[in-house]
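Asks: Just so it is clear, I am handing over data32.txt, which has compact mmCIF, C-alpha atoms.
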```txt
# COMPACT_ATOMS: atom_id res chain seq x y z
CA MET A 1 110.64 63.04 86.90
CA ASN A 2 114.13 64.15 85.82
CA ILE A 3 116.52 62.38 83.53
CA ASP A 4 120.00 63.90 83.29
CA SER A 5 120.69 65.69 80.02
CA ILE A 6 123.12 63.94 77.76
CA ARG A 7 126.29 65.52 76.31
CA ASN A 8 126.80 63.29 73.29
CA GLY A 9 124.05 61.04 72.08
CA ILE A 10 120.58 60.67 70.67
CA VAL A 11 117.13 61.51 71.98
CA ILE A 12 114.24 59.76 70.26
CA ASP A 13 111.29 61.96 71.11
CA HIS A 14 107.54 62.00 70.43
CA ILE A 15 107.29 58.22 70.36
CA THR A 16 103.65 57.14 70.43
CA ALA A 17 102.93 56.11 74.02
CA GLY A 18 103.40 52.36 74.31
CA LYS A 19 105.87 52.02 71.43
CA GLY A 20 109.00 52.97 73.39
CA MET A 21 109.77 49.46 74.60
CA LYS A 22 109.13 48.05 71.14
CA LEU A 23 111.66 50.45 69.60
CA TYR A 24 114.12 49.72 72.41
CA ARG A 25 113.88 46.01 71.61
CA LEU A 26 113.95 46.34 67.80
CA LEU A 27 116.89 48.77 67.85
CA GLN A 28 118.66 46.25 70.15
CA LEU A 29 119.50 49.02 72.60
CA ASP A 30 119.82 46.38 75.33
CA SER A 31 123.11 45.34 73.75
CA LEU A 32 124.69 48.77 74.29
CA ASP A 33 127.03 49.34 77.21
CA CYS A 34 126.21 53.05 77.55
CA PRO A 35 123.37 54.47 79.65
CA VAL A 36 119.97 54.31 77.94
CA ALA A 37 116.87 55.82 79.50
CA ILE A 38 113.30 55.07 78.50
CA VAL A 39 110.55 57.37 79.64
CA THR A 40 107.03 56.10 79.12
CA ASN A 41 103.78 58.03 79.29
CA ALA A 42 105.49 61.42 79.54
CA GLN A 43 103.31 64.48 79.10
CA SER A 44 103.45 66.00 75.66
CA ARG A 45 102.19 69.17 74.04
CA LYS A 46 101.77 67.45 70.66
CA LEU A 47 100.45 64.13 71.92
CA THR A 48 98.60 63.60 75.15
CA ARG A 49 101.20 61.03 76.20
CA LYS A 50 104.48 60.04 74.62
CA ASP A 51 107.51 57.83 75.18
CA ILE A 52 111.09 59.06 74.97
CA ILE A 53 114.38 57.17 74.60
CA LYS A 54 117.70 58.80 75.52
CA ILE A 55 120.92 57.15 74.44
CA ASP A 56 124.08 58.48 76.06
CA ALA A 57 126.42 57.72 73.16
CA SER A 58 126.80 58.72 69.52
CA ILE A 59 125.76 55.53 67.83
CA LYS A 60 124.22 54.75 64.46
CA ILE A 61 120.62 53.70 64.64
CA ASN A 62 118.50 52.28 61.87
CA LEU A 63 116.37 55.30 60.97
CA ASP A 64 114.29 53.29 58.46
CA LEU A 65 113.28 50.98 61.28
CA VAL A 66 112.30 53.92 63.49
CA GLY A 67 110.32 55.55 60.67
CA TYR A 68 108.53 52.28 59.92
CA VAL A 69 107.58 51.52 63.52
CA ASP A 70 106.52 55.04 64.44
CA PRO A 71 106.68 57.62 61.65
CA GLY A 72 105.84 60.58 63.90
CA VAL A 73 108.96 60.49 66.07
CA THR A 74 111.69 63.11 66.22
CA ILE A 75 115.37 62.21 66.38
CA ASN A 76 117.58 64.74 68.16
CA ILE A 77 121.33 64.44 67.78
CA ILE A 78 123.25 65.96 70.70
CA GLU A 79 126.94 66.91 70.55
CA ASN A 80 128.76 68.57 73.43
CA GLY A 81 125.46 69.22 75.12
CA GLU A 82 124.08 71.08 72.09
CA LEU A 83 121.29 70.03 69.77
CA VAL A 84 123.04 69.80 66.39
CA GLU A 85 120.42 68.03 64.33
CA LYS A 86 116.69 67.41 64.55
CA LYS A 87 115.06 64.92 62.19
CA ARG A 88 111.36 64.42 61.90
CA MET A 89 110.77 60.83 60.86
CA GLU A 90 108.29 59.72 58.22
CA LEU A 91 107.49 56.44 56.56
CA PRO A 92 110.59 55.55 54.53
CA GLU A 93 110.19 54.87 50.80
CA LYS A 94 112.31 51.75 51.11
CA LEU A 95 113.09 49.37 53.96
CA VAL A 96 116.36 47.45 53.73
CA GLY A 97 117.02 44.72 56.27
CA VAL A 98 114.13 45.76 58.51
CA ILE A 99 111.46 43.14 57.82
CA ARG A 100 111.70 39.60 56.46
CA CYS A 101 109.45 38.35 53.69
CA ARG A 102 107.29 35.51 55.01
CA ASN A 103 106.07 34.29 51.63
CA PRO A 104 107.36 30.71 51.32
CA ARG A 105 107.21 31.03 47.52
CA CYS A 106 109.49 34.12 47.51
CA ILE A 107 113.03 33.70 46.16
CA THR A 108 114.31 35.06 49.51
CA SER A 109 112.98 31.92 51.21
CA THR A 110 115.57 29.78 49.42
CA GLU A 111 118.32 32.32 48.77
CA GLN A 112 118.66 33.70 52.24
CA GLU A 113 121.67 35.92 51.55
CA LEU A 114 119.56 38.22 49.40
CA PRO A 115 118.94 41.60 51.03
CA GLN A 116 115.41 41.91 52.40
CA ILE A 117 114.00 44.96 50.62
CA PHE A 118 110.46 46.33 50.90
CA ASN A 119 109.05 49.31 49.00
CA LEU A 120 106.31 51.66 50.21
CA THR A 121 103.52 51.20 47.64
CA ASP A 122 100.66 52.99 49.41
CA ARG A 123 101.63 55.72 51.88
CA GLU A 124 98.08 56.45 52.96
CA ASN A 125 97.43 52.87 53.99
CA ARG A 126 101.03 52.14 55.08
CA VAL A 127 101.48 49.31 52.61
CA TYR A 128 104.97 47.90 52.05
CA ARG A 129 105.60 45.17 49.50
CA CYS A 130 108.54 42.83 49.03
CA LEU A 131 110.76 43.99 46.15
CA TYR A 132 110.93 40.44 44.79
CA CYS A 133 107.52 38.78 45.23
CA GLU A 134 105.42 41.87 46.10
CA SER A 135 103.89 40.20 49.15
CA ARG A 136 102.49 42.69 51.60
CA ALA A 137 104.50 43.15 54.79
CA LYS A 138 102.75 42.67 58.09
CA GLU A 139 103.57 44.43 61.34
CA GLU A 140 104.46 41.06 62.89
CA ASP A 141 107.14 40.45 60.22
CA LEU A 142 109.43 42.76 62.21
CA MET B 1 119.95 47.82 31.27
CA ARG B 2 116.27 47.42 30.58
CA SER B 3 114.46 44.29 31.77
CA VAL B 4 110.78 43.37 31.70
CA LEU B 5 109.66 41.55 34.81
CA ASP B 6 106.10 42.83 35.18
CA ILE B 7 103.60 44.13 32.62
CA ASN B 8 103.75 47.48 34.45
CA ASP B 9 107.40 47.80 33.50
CA LEU B 10 106.04 48.82 30.10
CA THR B 11 104.11 52.04 29.59
CA VAL B 12 100.92 52.10 27.55
CA ASP B 13 102.85 53.81 24.74
CA GLU B 14 105.49 51.09 24.81
CA ILE B 15 102.84 48.35 24.70
CA ASP B 16 101.18 50.11 21.77
CA GLY B 17 104.61 50.28 20.11
CA LEU B 18 105.19 46.53 20.66
CA ILE B 19 101.78 45.76 19.18
CA ALA B 20 102.62 47.87 16.12
CA VAL B 21 105.95 46.04 15.65
CA ALA B 22 104.33 42.63 16.16
CA GLU B 23 101.69 43.43 13.55
CA ASP B 24 104.40 44.62 11.17
CA ILE B 25 106.33 41.35 11.69
CA MET B 26 103.17 39.41 10.89
CA SER B 27 102.64 41.32 7.67
CA ASP B 28 106.28 41.23 6.53
CA PRO B 29 108.29 38.54 8.36
CA ASP B 30 111.15 38.63 5.84
CA LYS B 31 111.99 42.18 6.87
CA TYR B 32 112.86 40.86 10.33
CA ALA B 33 114.50 37.56 9.33
CA HIS B 34 118.04 38.85 10.03
CA ALA B 35 117.25 41.51 12.63
CA CYS B 36 119.05 39.56 15.37
CA ASP B 37 121.85 37.97 13.37
CA ARG B 38 124.68 36.87 15.70
CA LYS B 39 122.61 37.69 18.79
CA LYS B 40 121.96 35.00 21.38
CA LEU B 41 118.97 34.43 23.63
CA ALA B 42 119.50 32.29 26.73
CA THR B 43 116.35 30.54 27.90
CA LEU B 44 116.89 29.69 31.57
CA PHE B 45 113.97 27.51 32.60
CA PHE B 46 114.26 26.33 36.19
CA GLU B 47 110.94 24.56 35.90
CA PRO B 48 109.44 22.87 32.87
CA SER B 49 107.28 24.92 30.55
CA THR B 50 107.67 23.59 27.08
CA ARG B 51 105.26 25.96 25.36
CA THR B 52 106.66 29.21 26.72
CA ARG B 53 110.24 28.08 26.09
CA LEU B 54 109.45 27.01 22.53
CA SER B 55 107.68 30.30 21.92
CA PHE B 56 110.74 32.31 23.02
CA GLU B 57 113.08 30.08 21.02
CA ALA B 58 110.92 30.22 17.89
CA ALA B 59 110.77 34.02 18.29
CA MET B 60 114.58 34.30 18.41
CA TYR B 61 115.11 31.93 15.47
CA GLU B 62 112.63 33.90 13.36
CA LEU B 63 114.67 37.02 14.05
CA GLY B 64 117.79 35.28 12.76
CA GLY B 65 119.29 34.88 16.23
CA HIS B 66 120.59 31.89 18.17
CA VAL B 67 119.36 30.21 21.32
CA LEU B 68 121.23 28.84 24.33
CA SER B 69 118.80 26.69 26.21
CA MET B 70 118.66 25.43 29.76
CA SER B 71 115.43 23.57 30.17
CA ASP B 72 116.12 21.34 33.13
CA ALA B 73 117.24 22.74 36.47
CA ALA B 74 118.35 19.28 37.58
CA SER B 75 121.18 19.24 35.03
CA SER B 76 122.28 22.84 35.65
CA SER B 77 124.54 24.44 38.21
CA ALA B 78 121.40 25.38 40.17
CA SER B 79 121.31 21.77 41.30
CA LYS B 80 124.80 22.30 42.74
CA GLY B 81 123.52 25.22 44.77
CA GLU B 82 124.45 28.15 42.53
CA SER B 83 122.42 31.26 43.27
CA VAL B 84 120.16 32.93 40.72
CA ALA B 85 122.39 36.01 40.98
CA ASP B 86 125.53 34.05 40.02
CA THR B 87 123.77 32.19 37.23
CA ALA B 88 122.57 35.50 35.77
CA ALA B 89 126.04 37.04 35.99
CA VAL B 90 127.65 34.02 34.30
CA VAL B 91 125.07 33.67 31.54
CA SER B 92 125.44 37.39 30.75
CA SER B 93 128.90 36.52 29.43
CA TYR B 94 127.42 34.19 26.84
CA ALA B 95 124.09 35.67 25.83
CA ASP B 96 122.77 39.06 24.72
CA ILE B 97 119.39 38.60 26.41
CA ILE B 98 117.89 36.19 28.95
CA ALA B 99 114.38 34.75 29.27
CA MET B 100 113.93 33.18 32.69
CA ARG B 101 111.26 30.98 34.20
CA HIS B 102 111.62 30.06 37.86
CA PRO B 103 109.30 28.47 40.44
CA LYS B 104 110.22 31.10 43.05
CA GLU B 105 108.52 34.48 42.93
CA GLY B 106 110.94 37.33 42.27
CA ALA B 107 113.77 35.16 40.92
CA PRO B 108 113.84 37.01 37.56
CA ARG B 109 114.13 40.31 39.46
CA VAL B 110 117.17 38.97 41.29
CA ALA B 111 118.58 37.88 37.92
CA SER B 112 117.98 41.35 36.47
CA MET B 113 119.88 42.93 39.34
CA HIS B 114 122.99 40.87 38.57
CA ALA B 115 122.83 40.34 34.81
CA THR B 116 124.57 42.73 32.44
CA VAL B 117 122.05 41.93 29.68
CA PRO B 118 118.25 42.40 29.63
CA VAL B 119 116.14 39.82 31.47
CA ILE B 120 112.60 38.87 30.46
CA ASN B 121 110.43 37.20 33.08
CA ALA B 122 108.99 34.10 31.44
CA GLY B 123 106.93 33.28 34.53
CA ASP B 124 107.91 33.27 38.21
CA GLY B 125 105.66 30.97 40.24
CA GLY B 126 102.20 32.42 40.72
CA HIS B 127 103.55 35.97 40.47
CA ASN B 128 104.07 37.46 36.99
CA HIS B 129 104.10 36.34 33.39
CA PRO B 130 104.26 39.56 31.36
CA THR B 131 104.76 37.99 27.92
CA GLN B 132 101.51 36.03 28.34
CA THR B 133 99.80 39.35 28.96
CA LEU B 134 101.45 40.81 25.87
CA ALA B 135 100.07 37.85 23.89
CA ASP B 136 96.61 38.51 25.36
CA LEU B 137 96.80 42.20 24.47
CA LEU B 138 97.85 41.57 20.88
CA THR B 139 95.04 39.02 20.52
CA ILE B 140 92.48 41.54 21.75
CA HIS B 141 93.93 44.25 19.53
CA LYS B 142 93.94 42.00 16.46
CA GLU B 143 90.39 40.86 17.08
CA LYS B 144 88.83 44.17 18.10
CA GLY B 145 91.15 46.75 16.58
CA ARG B 146 91.40 48.52 19.93
CA LEU B 147 92.15 47.96 23.60
CA GLY B 148 89.73 50.51 25.05
CA GLY B 149 85.94 50.59 25.07
CA LEU B 150 85.55 46.87 25.80
CA THR B 151 83.58 44.73 28.23
CA ILE B 152 85.80 41.87 29.27
CA GLY B 153 84.66 38.85 31.26
CA PHE B 154 87.13 36.80 33.29
CA CYS B 155 85.89 33.34 34.16
CA GLY B 156 87.14 30.58 36.43
CA ASP B 157 89.98 30.82 38.90
CA LEU B 158 90.33 34.56 39.50
CA LYS B 159 92.03 34.11 42.84
CA PHE B 160 95.24 32.35 41.91
CA GLY B 161 95.32 33.06 38.17
CA ARG B 162 98.32 35.30 37.61
CA THR B 163 97.38 35.82 33.96
CA VAL B 164 94.03 37.24 35.07
CA HIS B 165 95.59 39.69 37.54
CA SER B 166 98.14 40.79 35.02
CA LEU B 167 95.64 41.30 32.18
CA ILE B 168 93.28 43.22 34.50
CA ASN B 169 96.26 45.38 35.39
CA ALA B 170 97.13 46.02 31.76
CA MET B 171 93.53 46.61 30.58
CA SER B 172 92.80 49.00 33.43
CA ARG B 173 95.15 51.49 31.81
CA TYR B 174 92.92 51.80 28.73
CA PRO B 175 89.77 54.00 28.58
CA ASP B 176 86.19 52.77 28.94
CA VAL B 177 87.00 49.25 29.99
CA ARG B 178 84.39 47.33 31.99
CA VAL B 179 85.18 44.11 33.81
CA ILE B 180 82.87 41.18 34.62
CA LEU B 181 84.32 38.77 37.18
CA ILE B 182 82.78 35.31 36.91
CA SER B 183 83.90 32.79 39.54
CA PRO B 184 82.78 30.61 42.41
CA GLU B 185 82.93 32.24 45.85
CA GLU B 186 86.11 30.29 46.66
CA LEU B 187 88.00 31.66 43.67
CA LYS B 188 86.97 35.33 43.63
CA LEU B 189 89.42 38.01 42.59
CA PRO B 190 91.54 38.98 45.64
CA GLY B 191 90.53 42.16 47.43
CA TYR B 192 93.87 43.85 46.83
CA VAL B 193 93.49 43.57 43.03
CA LYS B 194 90.02 45.11 43.24
CA LYS B 195 91.27 47.88 45.49
CA GLU B 196 94.69 48.61 44.04
CA VAL B 197 93.87 48.10 40.37
CA LEU B 198 90.14 48.32 39.61
CA ASN B 199 89.08 50.91 42.18
CA LYS B 200 92.27 52.95 41.81
CA ASN B 201 91.75 53.22 38.05
CA LYS B 202 87.99 53.72 38.43
CA ILE B 203 87.23 50.62 36.35
CA PRO B 204 83.58 49.56 36.71
CA TYR B 205 83.25 45.89 37.59
CA VAL B 206 80.66 43.37 38.71
CA GLU B 207 81.11 39.99 40.34
CA THR B 208 78.88 37.07 39.52
CA LYS B 209 78.82 33.32 39.95
CA ASP B 210 76.83 32.85 36.78
CA LEU B 211 78.66 32.52 33.47
CA LEU B 212 75.48 33.22 31.52
CA GLU B 213 74.31 36.35 33.36
CA PHE B 214 76.41 38.87 31.43
CA MET B 215 77.18 36.76 28.36
CA PRO B 216 75.23 39.02 25.93
CA GLU B 217 77.30 42.05 26.99
CA LEU B 218 80.78 40.57 26.62
CA ASP B 219 83.25 41.62 23.92
CA ILE B 220 85.96 39.36 25.35
CA LEU B 221 85.64 36.20 27.44
CA TYR B 222 88.87 35.19 29.14
CA MET B 223 88.53 31.62 30.36
CA THR B 224 90.77 29.97 32.96
CA ARG B 225 90.89 26.56 34.49
CA VAL B 226 89.13 25.75 37.76
CA GLN B 227 91.58 23.40 39.40
CA ARG B 228 90.51 20.63 41.70
CA GLU B 229 93.36 21.30 44.13
CA ARG B 230 92.09 24.84 44.83
CA PHE B 231 89.03 23.52 46.65
CA PHE B 232 88.83 22.54 50.28
CA ASN B 233 86.54 19.64 49.57
CA GLU B 234 85.71 17.42 46.65
CA GLU B 235 81.99 18.04 47.02
CA ASP B 236 82.32 21.77 46.29
CA TYR B 237 84.56 21.06 43.33
CA LEU B 238 82.12 18.58 41.81
CA ARG B 239 79.23 20.96 42.42
CA LEU B 240 80.95 23.87 40.68
CA LYS B 241 83.21 22.50 38.02
CA ASP B 242 80.63 22.16 35.27
CA SER B 243 79.26 25.69 35.72
CA TYR B 244 82.49 27.07 34.37
CA ILE B 245 82.83 24.82 31.36
CA LEU B 246 82.15 26.69 28.16
CA THR B 247 79.96 24.73 25.75
CA PRO B 248 78.25 25.80 22.49
CA ASP B 249 74.98 25.88 24.42
CA LYS B 250 76.28 28.57 26.77
CA LEU B 251 77.28 30.78 23.84
CA LYS B 252 73.73 31.05 22.50
CA THR B 253 73.23 34.56 23.89
CA ALA B 254 76.78 35.76 23.18
CA LYS B 255 77.63 38.44 20.63
CA ASN B 256 78.61 37.27 17.17
CA ASP B 257 81.91 39.05 17.49
CA LEU B 258 82.77 37.80 20.97
CA SER B 259 86.45 36.76 21.30
CA ILE B 260 87.17 33.77 23.53
CA LEU B 261 90.65 33.73 25.02
CA HIS B 262 92.44 31.22 27.25
CA PRO B 263 96.08 31.27 28.39
CA LEU B 264 96.28 27.45 27.87
CA PRO B 265 96.84 24.68 28.67
CA ARG B 266 93.17 23.86 28.62
CA VAL B 267 91.86 20.79 30.38
CA ASN B 268 88.11 20.68 29.90
CA GLU B 269 86.93 24.22 30.65
CA ILE B 270 86.34 24.95 26.96
CA SER B 271 84.57 22.19 25.12
CA VAL B 272 86.46 21.07 21.99
CA ALA B 273 83.20 21.65 20.13
CA ILE B 274 83.97 25.37 20.40
CA ASP B 275 87.37 25.10 18.71
CA LYS B 276 85.82 25.50 15.26
CA ASP B 277 83.67 28.46 16.31
CA PRO B 278 85.12 31.61 14.71
CA ARG B 279 84.90 33.27 18.11
CA ALA B 280 87.55 30.90 19.56
CA CYS B 281 90.85 32.79 19.62
CA TYR B 282 92.98 30.72 21.98
CA PHE B 283 95.13 29.04 19.36
CA LYS B 284 95.69 32.35 17.56
CA GLN B 285 96.68 33.71 20.97
CA VAL B 286 99.61 31.26 21.05
CA LEU B 287 100.83 32.49 17.67
CA TYR B 288 100.43 36.12 18.68
CA GLY B 289 102.50 35.36 21.78
CA LYS B 290 105.46 34.49 19.58
CA TYR B 291 105.15 37.76 17.63
CA MET B 292 104.96 39.82 20.81
CA ARG B 293 108.03 38.03 22.15
CA MET B 294 109.82 38.90 18.91
CA ALA B 295 108.81 42.54 19.29
CA LEU B 296 109.95 42.56 22.92
CA ILE B 297 113.32 40.98 22.12
CA LEU B 298 113.89 43.61 19.41
CA LYS B 299 112.98 46.40 21.81
CA LEU B 300 115.19 45.19 24.65
CA LEU B 301 118.14 44.57 22.31
CA GLY B 302 117.67 48.06 20.88
CA VAL B 303 117.34 46.71 17.34
CA ASP B 304 115.54 49.01 14.90
CA VAL B 305 114.29 47.47 11.69
```
Show the structure stored in the file as structure tokens.
Replies:
Amino acid sequence: MNIDSIRNGIVIDHITAGKGMKLYRLLQLDSLDCPVAIVTNAQSRKLTRKDIIKIDASIKINLDLVGYVDPGVTINIIENGELVEKKRMELPEKLVGVIRCRNPRCITSTEQELPQIFNLTDRENRVYRCLYCESRAKEEDL
Amino acid sequence: MRSVLDINDLTVDEIDGLIAVAEDIMSDPDKYAHACDRKKLATLFFEPSTRTRLSFEAAMYELGGHVLSMSDAASSSASKGESVADTAAVVSSYADIIAMRHPKEGAPRVASMHATVPVINAGDGGHNHPTQTLADLLTIHKEKGRLGGLTIGFCGDLKFGRTVHSLINAMSRYPDVRVILISPEELKLPGYVKKEVLNKNKIPYVETKDLLEFMPELDILYMTRVQRERFFNEEDYLRLKDSYILTPDKLKTAKNDLSILHPLPRVNEISVAIDKDPRACYFKQVLYGKYMRMALILKLLGVDV
């Protein structure tokens, strides 16, 4: 299967197979008016199967969100058909505006203009806690 | 700007330093009587807590300072919808230091992010109450002369009791501490505290439902209230409530130098018959709380005496 190379844009590579659509939805790529390609279950040397997203425009994407959802991905920035930057994602130390605290006793439940901030407190077990109330974030809080 | 929102905001050395200052204040209060002349403490209490507020206010008065007090959220601008951030920014113009109690968890952190003066968390919902822990630590230090090498029993509501979690956190940083967790099944210490505090710091602990089982081994017994509303049904509450009431009878096998602590208020979990027992430390604990708050205010205001 061939997908045209892009001249200016972003390739999100090495997405864990099955997480491509989730990232597409969370990054709100459906609201873009440029071509976006999603490849699912592509063959990979590193992983047995992987998903890939190609965005045919130089846009800003929330890298913290990408790192949180799938820390193993690679972000390739393409300019004039050349690879100018390659970033290997990892779990970010801090998540700002990515997940909402669901604790009804948290100050963010009443003061909703406060930024939603979570800190990585246990990298090995992927634990993020709310800056304010220290409640543990759950995957479904996305 | 230094604030104290969680007991872990203070290092072990800093806690030891606060204990040393508090003990010095106790031995020579006159030396500190004008340490905070012309300084103002604002006590912002968005929910009622008379004892904690009075403790902070007494602490500031004994340092020669003044107090600006907001003890009723209903009569403050919070009732008009002002945010915690704005309140903290405004009060910073009037006061040199803020002590805040709020029903919402994390509110004092928000205040500290917008205040231009130090903020002390005086209790935020079921989350943190670091000055209670400082009071507990000074009590233990005064009674035992050390904070390490102790077997400490926690009894009652270990699930929701923020003072228990916080003291376990603080004690786990001292050497040779052993913890006995005494509670009904329904109110056991949460798994994350065991994992992230006790296991992480390699603190040996045992869990038991029986208050008497480890009584002879305890150096400290930290009692808490078993609240009716924590139970799913009345039957379980009635079945369990008396097992966690400390009576002179239950102290028969305890050490002579056991120290009994309680964050107060007490309802009936420690029989009044124990109040005269020299091992009862819970009223001294209240007094020590004031001295630790004095030491903390001095530290955060950068006042050297």
Asks: Set the cut-off to 9 Å and count all atoms listed in the file: what are the residues of chain A that reach chain B? Output as a list in words.
Replies: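 Written out as asked, the residues are Pro104, Arg105, Cys106, Ile107, Thr108, Ser109, Thr110, Glu111, Leu114, Leu131, Tyr132, Cys133 and Glu134 of chain A.
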Asks: Tell me, as number ranges by chain, which residues lie within 7 Å of stretch 32-34 of chain B, counting only C-alpha atoms; anything in the same chain fewer than 2 positions away does not count.
Replies: B: 25, 29-30, 36-37, 62-64, 305
Asks: What does the distance between atom CA of A:Ser44 and atom CA of A:Ser58 come to in Å, to one decimal place?
Replies: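 So the two atoms, atom CA of A:Ser44 and atom CA of A:Ser58, lie 25.2 Å apart.
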Asks: Which residues, written as a PDB file with C-alpha atoms, keeping the file's coordinate frame, have at least one atom at most 12 Å from A:Arg136, with all atoms listed in the file counted and residues fewer than 2 positions away on the same chain left out?
Replies:
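That gives us result_28.pdb:
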```
ATOM      1  CA  ILE A  99     111.460  43.140  57.820  1.00  0.00           C
ATOM      2  CA  ARG A 100     111.700  39.600  56.460  1.00  0.00           C
ATOM      3  CA  CYS A 101     109.450  38.350  53.690  1.00  0.00           C
ATOM      4  CA  ARG A 102     107.290  35.510  55.010  1.00  0.00           C
ATOM      5  CA  ASN A 103     106.070  34.290  51.630  1.00  0.00           C
ATOM      6  CA  CYS A 106     109.490  34.120  47.510  1.00  0.00           C
ATOM      7  CA  ILE A 117     114.000  44.960  50.620  1.00  0.00           C
ATOM      8  CA  PHE A 118     110.460  46.330  50.900  1.00  0.00           C
ATOM      9  CA  ASN A 119     109.050  49.310  49.000  1.00  0.00           C
ATOM     10  CA  LEU A 120     106.310  51.660  50.210  1.00  0.00           C
ATOM     11  CA  THR A 121     103.520  51.200  47.640  1.00  0.00           C
ATOM     12  CA  ASP A 122     100.660  52.990  49.410  1.00  0.00           C
ATOM     13  CA  ASN A 125      97.430  52.870  53.990  1.00  0.00           C
ATOM     14  CA  ARG A 126     101.030  52.140  55.080  1.00  0.00           C
ATOM     15  CA  VAL A 127     101.480  49.310  52.610  1.00  0.00           C
ATOM     16  CA  TYR A 128     104.970  47.900  52.050  1.00  0.00           C
ATOM     17  CA  ARG A 129     105.600  45.170  49.500  1.00  0.00           C
ATOM     18  CA  CYS A 130     108.540  42.830  49.030  1.00  0.00           C
ATOM     19  CA  LEU A 131     110.760  43.990  46.150  1.00  0.00           C
ATOM     20  CA  TYR A 132     110.930  40.440  44.790  1.00  0.00           C
ATOM     21  CA  CYS A 133     107.520  38.780  45.230  1.00  0.00           C
ATOM     22  CA  GLU A 134     105.420  41.870  46.100  1.00  0.00           C
ATOM     23  CA  LYS A 138     102.750  42.670  58.090  1.00  0.00           C
ATOM     24  CA  GLU A 139     103.570  44.430  61.340  1.00  0.00           C
ATOM     25  CA  GLU A 140     104.460  41.060  62.890  1.00  0.00           C
ATOM     26  CA  ASP A 141     107.140  40.450  60.220  1.00  0.00           C
TER      27      ASP A 141
ATOM     28  CA  TYR B 192      93.870  43.850  46.830  1.00  0.00           C
TER      29      TYR B 192
END
```
Asks: Pick from B:Met113, B:Val164, B:Val206, B:Ile120: nearest to A:Pro115, with all atoms listed in the file counted?
Replies: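 Of all the options, B:Met113 lies closest to A:Pro115.
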Asks: If we count only C-alpha atoms and set the cut-off at 6 Å, which residues sit around stretch 7-23 of chain A, ignoring sequence neighbours fewer than 4 positions away in its own chain? Please answer as a list of chain:residue names.
Replies: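 In the requested form, the answer reads A:Leu27, A:Asn41, A:Arg49, A:Lys50, A:Asp51, A:Ile52, A:Ile53, A:Lys54, A:Ile55, A:Asp56, A:Ala57, A:Ser58, A:Val73, A:Thr74, A:Ile75, A:Asn76, A:Ile77, A:Ile78, A:Glu79, A:Asn80, A:Gly81.
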Asks: Given the selection you just returned, output its residues as a file containing C-alpha atoms, formatted as a compact mmCIF listing (two decimals), keeping the file's coordinate frame.
Replies:
```
# COMPACT_ATOMS: atom_id res chain seq x y z
CA LEU A 27 116.89 48.77 67.85
CA ASN A 41 103.78 58.03 79.29
CA ARG A 49 101.20 61.03 76.20
CA LYS A 50 104.48 60.04 74.62
CA ASP A 51 107.51 57.83 75.18
CA ILE A 52 111.09 59.06 74.97
CA ILE A 53 114.38 57.17 74.60
CA LYS A 54 117.70 58.80 75.52
CA ILE A 55 120.92 57.15 74.44
CA ASP A 56 124.08 58.48 76.06
CA ALA A 57 126.42 57.72 73.16
CA SER A 58 126.80 58.72 69.52
CA VAL A 73 108.96 60.49 66.07
CA THR A 74 111.69 63.11 66.22
CA ILE A 75 115.37 62.21 66.38
CA ASN A 76 117.58 64.74 68.16
CA ILE A 77 121.33 64.44 67.78
CA ILE A 78 123.25 65.96 70.70
CA GLU A 79 126.94 66.91 70.55
CA ASN A 80 128.76 68.57 73.43
CA GLY A 81 125.46 69.22 75.12
```
